[in-house]
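Let me begin by presenting the structure, written as structure tokens, before commenting on it.
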Amino acid sequence: MEYREKLANGITLTTNDFYMYYFVATGIHFLHLLIGLGVLAFVLDHVRKAGAKGPSLALIEGGGCYWHMVDLLWIVLFPLLYLMK
Amino acid sequence: MGAILRGTTTWVWLALMLLTGVSWWLGGGSDRTLVADPIRITIPLMSMAFFKARLVLVHFMEIGSAPLALRLVCDAWVVITYATVIGLYLLD
């Protein structure tokens, strides 16, 4: 990952203000991504085990909405951290 | 094919892809060095980012068909966050 490249060059959370925000923002985002993968696995499992009534639409849409939130934040975070000068 | 082109989802997606391409090019992508005044690039770039965010909110997260209160809260978030980012950037 990108972190490896930065850490290999001695850039950490404490290097300067920008990198503090960089690591915190991308770190929190990545954490939510991992949670989201869990959500996805849970929804998949639920759909597979769905009984006669079928899978819960609310669960599927909720899980989808969560992922939209994660990618929405990245849509803003990426330009903010990588493209802005 | 018809169904794909008839709904709004495909067109919104296409808009998002195009905006992303433009942002990528504008922001320097991987290693293109900036030649123009940073402000004239950054402002359109962040504006596009928040426009894309609102597109995702309205169409993919279905806020477009949500109750007024939720729509207002989401739009308020977009406006306040956008204004804060641009404001702080320009103040620097």
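In the structure tokens, chains take letters A, B, ... by order of appearance, with residues numbered from 1 within each chain and ligands from 1 in the order shown.
If we count only C-alpha atoms, these residues of chain B sit within 8 Å of chain A: Ser23, Trp24, Gly27, Gly28, Gly29, Pro38, Ile39, Thr42, Leu45, Met46, Ala49, Phe50, Lys52, Ala53, Val56, Leu57, Phe60 and Met61 of chain B.
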Writing out the chosen residues with C-alpha atoms as a short mmCIF file (atom, residue, chain, number, x, y, z; two decimals), in the first residue's frame:
```cif
data_model
loop_
_atom_site.label_atom_id
_atom_site.label_comp_id
_atom_site.auth_asym_id
_atom_site.auth_seq_id
_atom_site.Cartn_x
_atom_site.Cartn_y
_atom_site.Cartn_z
CA SER B 23 -10.18 16.06 -12.13
CA TRP B 24 -7.41 13.54 -12.57
CA GLY B 27 -4.85 17.66 -10.61
CA GLY B 28 -1.80 16.25 -12.29
CA GLY B 29 -2.69 12.58 -12.16
CA PRO B 38 -2.65 26.42 -8.18
CA ILE B 39 -5.75 28.31 -7.12
CA THR B 42 -7.80 23.71 -7.08
CA LEU B 45 -11.16 20.60 -8.83
CA MET B 46 -12.75 20.71 -5.39
CA ALA B 49 -15.45 16.77 -6.18
CA PHE B 50 -18.36 18.14 -4.16
CA LYS B 52 -19.80 14.46 -7.66
CA ALA B 53 -20.43 13.82 -3.97
CA VAL B 56 -23.83 10.17 -5.43
CA LEU B 57 -25.95 11.40 -2.52
CA PHE B 60 -27.18 6.46 -5.59
CA MET B 61 -28.06 7.00 -1.96
#
```
Exercise: Tyr3 in chain A partners within 10 Å, only C-alpha atoms, chain neighbours under 6 positions left out, as a PDB file with C-alpha atoms, in the first residue's frame:
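Writing done, so here's around-v7.pdb:
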```
ATOM      1  CA  ASN A   9      10.816   7.307   3.663  1.00  0.00           C
ATOM      2  CA  ILE A  11       7.118  10.050   6.883  1.00  0.00           C
ATOM      3  CA  THR A  12       4.743   9.412   9.743  1.00  0.00           C
ATOM      4  CA  PHE A  23      -2.756   9.522   7.936  1.00  0.00           C
ATOM      5  CA  THR A  26      -6.975   7.860   5.135  1.00  0.00           C
ATOM      6  CA  GLY A  27      -6.655   5.671   8.218  1.00  0.00           C
TER       7      GLY A  27
END
```
As an mmCIF file with N, CA, C and O atoms, in the first residue's frame, please: the residues near range 42-50 of chain A (cut-off 12 Å, only C-alpha atoms, same-chain neighbours under 2 positions excluded).
```cif
data_model
loop_
_atom_site.group_PDB
_atom_site.id
_atom_site.type_symbol
_atom_site.label_atom_id
_atom_site.label_comp_id
_atom_site.auth_asym_id
_atom_site.auth_seq_id
_atom_site.Cartn_x
_atom_site.Cartn_y
_atom_site.Cartn_z
ATOM 1 N N ILE A 35 -14.630 -2.340 7.788
ATOM 2 C CA ILE A 35 -15.949 -2.603 8.369
ATOM 3 C C ILE A 35 -16.938 -2.909 7.253
ATOM 4 O O ILE A 35 -17.755 -3.825 7.344
ATOM 5 N N GLY A 36 -16.829 -2.129 6.163
ATOM 6 C CA GLY A 36 -17.729 -2.310 5.030
ATOM 7 C C GLY A 36 -17.600 -3.685 4.397
ATOM 8 O O GLY A 36 -18.586 -4.265 3.938
ATOM 9 N N LEU A 37 -16.379 -4.193 4.361
ATOM 10 C CA LEU A 37 -16.191 -5.539 3.827
ATOM 11 C C LEU A 37 -16.919 -6.548 4.698
ATOM 12 O O LEU A 37 -17.514 -7.510 4.209
ATOM 13 N N GLY A 38 -16.872 -6.316 6.013
ATOM 14 C CA GLY A 38 -17.600 -7.172 6.931
ATOM 15 C C GLY A 38 -19.092 -7.088 6.680
ATOM 16 O O GLY A 38 -19.804 -8.100 6.671
ATOM 17 N N VAL A 39 -19.562 -5.856 6.459
ATOM 18 C CA VAL A 39 -20.979 -5.648 6.165
ATOM 19 C C VAL A 39 -21.375 -6.424 4.917
ATOM 20 O O VAL A 39 -22.402 -7.098 4.867
ATOM 21 N N LEU A 40 -20.524 -6.329 3.907
ATOM 22 C CA LEU A 40 -20.780 -7.013 2.642
ATOM 23 C C LEU A 40 -20.875 -8.522 2.844
ATOM 24 O O LEU A 40 -21.779 -9.182 2.321
ATOM 25 N N ALA A 52 -38.188 -18.397 3.263
ATOM 26 C CA ALA A 52 -39.316 -18.277 2.345
ATOM 27 C C ALA A 52 -39.684 -16.824 2.087
ATOM 28 O O ALA A 52 -40.123 -16.467 0.998
ATOM 29 N N LYS A 53 -39.459 -15.955 3.100
ATOM 30 C CA LYS A 53 -39.844 -14.550 2.932
ATOM 31 C C LYS A 53 -38.854 -13.773 2.069
ATOM 32 O O LYS A 53 -39.097 -12.647 1.713
ATOM 33 N N GLY A 54 -37.713 -14.403 1.785
ATOM 34 C CA GLY A 54 -36.730 -13.694 0.975
ATOM 35 C C GLY A 54 -35.820 -12.823 1.820
ATOM 36 O O GLY A 54 -36.077 -12.626 3.007
ATOM 37 N N PRO A 55 -34.758 -12.286 1.217
ATOM 38 C CA PRO A 55 -33.815 -11.466 1.980
ATOM 39 C C PRO A 55 -34.437 -10.126 2.370
ATOM 40 O O PRO A 55 -35.343 -9.633 1.709
ATOM 41 N N SER A 56 -33.914 -9.558 3.446
ATOM 42 C CA SER A 56 -34.410 -8.273 3.912
ATOM 43 C C SER A 56 -33.912 -7.161 3.000
ATOM 44 O O SER A 56 -32.726 -6.903 2.897
ATOM 45 N N LEU A 57 -34.862 -6.501 2.344
ATOM 46 C CA LEU A 57 -34.502 -5.414 1.435
ATOM 47 C C LEU A 57 -33.805 -4.290 2.194
ATOM 48 O O LEU A 57 -32.863 -3.676 1.709
ATOM 49 N N ALA A 58 -34.289 -4.043 3.403
ATOM 50 C CA ALA A 58 -33.713 -2.968 4.217
ATOM 51 C C ALA A 58 -32.239 -3.234 4.489
ATOM 52 O O ALA A 58 -31.414 -2.329 4.423
ATOM 53 N N LEU A 59 -31.906 -4.493 4.775
ATOM 54 C CA LEU A 59 -30.516 -4.843 5.058
ATOM 55 C C LEU A 59 -29.642 -4.635 3.832
ATOM 56 O O LEU A 59 -28.566 -4.053 3.901
ATOM 57 N N ILE A 60 -30.134 -5.099 2.684
ATOM 58 C CA ILE A 60 -29.358 -4.982 1.460
ATOM 59 C C ILE A 60 -29.170 -3.523 1.084
ATOM 60 O O ILE A 60 -28.068 -3.080 0.756
ATOM 61 N N GLU A 61 -30.266 -2.753 1.139
ATOM 62 C CA GLU A 61 -30.152 -1.341 0.776
ATOM 63 C C GLU A 61 -29.310 -0.578 1.779
ATOM 64 O O GLU A 61 -28.566 0.335 1.415
ATOM 65 N N GLY A 62 -29.440 -0.949 3.059
ATOM 66 C CA GLY A 62 -28.642 -0.288 4.096
ATOM 67 C C GLY A 62 -27.164 -0.547 3.884
ATOM 68 O O GLY A 62 -26.341 0.375 3.951
ATOM 69 N N GLY A 63 -26.841 -1.809 3.600
ATOM 70 C CA GLY A 63 -25.449 -2.151 3.330
ATOM 71 C C GLY A 63 -24.923 -1.401 2.123
ATOM 72 O O GLY A 63 -23.806 -0.877 2.128
ATOM 73 N N GLY A 64 -25.756 -1.327 1.082
ATOM 74 C CA GLY A 64 -25.358 -0.595 -0.125
ATOM 75 C C GLY A 64 -25.149 0.879 0.164
ATOM 76 O O GLY A 64 -24.195 1.498 -0.312
ATOM 77 N N TYR A 66 -24.310 2.198 2.998
ATOM 78 C CA TYR A 66 -23.070 2.349 3.767
ATOM 79 C C TYR A 66 -21.879 2.451 2.825
ATOM 80 O O TYR A 66 -21.024 3.317 2.971
#
```
message: Please list as a list in words every residue within 10 Å of Ala15 in chain B, counting only C-alpha atoms and excluding residues in the same chain fewer than 6 positions away.
response: Thr9, Gly21, Lys52 and Leu55 of chain B
Let me see the file: selected residues, all heavy atoms, as a PDB file, in the first residue's frame.
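Below you can see again34.pdb, which holds the result:
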```
ATOM      1  N   THR B   9     -29.408   6.087 -13.747  1.00  0.00           N
ATOM      2  CA  THR B   9     -28.197   5.561 -13.119  1.00  0.00           C
ATOM      3  C   THR B   9     -26.992   5.570 -14.052  1.00  0.00           C
ATOM      4  O   THR B   9     -25.916   6.032 -13.685  1.00  0.00           O
ATOM      5  CB  THR B   9     -28.425   4.113 -12.629  1.00  0.00           C
ATOM      6  OG1 THR B   9     -29.565   4.097 -11.787  1.00  0.00           O
ATOM      7  CG2 THR B   9     -27.221   3.628 -11.853  1.00  0.00           C
ATOM      8  N   GLY B  21     -12.261  11.857 -14.611  1.00  0.00           N
ATOM      9  CA  GLY B  21     -11.198  11.969 -15.610  1.00  0.00           C
ATOM     10  C   GLY B  21     -10.657  13.381 -15.693  1.00  0.00           C
ATOM     11  O   GLY B  21      -9.437  13.610 -15.684  1.00  0.00           O
ATOM     12  N   LYS B  52     -19.716  15.912  -7.534  1.00  0.00           N
ATOM     13  CA  LYS B  52     -19.801  14.459  -7.658  1.00  0.00           C
ATOM     14  C   LYS B  52     -20.384  13.850  -6.395  1.00  0.00           C
ATOM     15  O   LYS B  52     -21.228  12.955  -6.462  1.00  0.00           O
ATOM     16  CB  LYS B  52     -18.403  13.873  -7.914  1.00  0.00           C
ATOM     17  CG  LYS B  52     -17.988  13.919  -9.353  1.00  0.00           C
ATOM     18  CD  LYS B  52     -16.493  13.834  -9.515  1.00  0.00           C
ATOM     19  CE  LYS B  52     -15.921  12.564  -8.947  1.00  0.00           C
ATOM     20  NZ  LYS B  52     -14.443  12.568  -9.048  1.00  0.00           N
ATOM     21  N   LEU B  55     -24.000  14.254  -6.427  1.00  0.00           N
ATOM     22  CA  LEU B  55     -24.614  13.330  -7.389  1.00  0.00           C
ATOM     23  C   LEU B  55     -24.799  11.959  -6.763  1.00  0.00           C
ATOM     24  O   LEU B  55     -25.860  11.343  -6.885  1.00  0.00           O
ATOM     25  CB  LEU B  55     -23.723  13.187  -8.638  1.00  0.00           C
ATOM     26  CG  LEU B  55     -23.892  14.206  -9.750  1.00  0.00           C
ATOM     27  CD1 LEU B  55     -22.938  13.878 -10.890  1.00  0.00           C
ATOM     28  CD2 LEU B  55     -25.319  14.212 -10.264  1.00  0.00           C
TER      29      LEU B  55
END
```
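If you measure from each of B:Val85, B:Leu5, B:Thr20, B:Val78 to Arg54 in chain B using only C-alpha atoms, the closest one turns out to be B:Val78.
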message: Which of chain A end up as helix (DSSP H, G or I) when DSSP is run on this backbone - answer as a PyMOL selection string?
response: chain A and resi 2-8+17-48+57-83
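Taking CA of Val79 in chain B and CA of Gly7 in chain B as endpoints, the distance between them is 27.3 Å.
Between CA of Tyr22 in chain A and CA of Arg4 in chain A there is a distance of 13.9 Å.
Here the question is which of B:Met1, B:Ile43, B:Leu14, B:Leu26 gets nearest to Leu88 in chain B using only C-alpha atoms, and that residue is B:Ile43.
For the pair CA of Leu19 in chain B and CA of Met48 in chain B, the interatomic distance is 6.7 Å.
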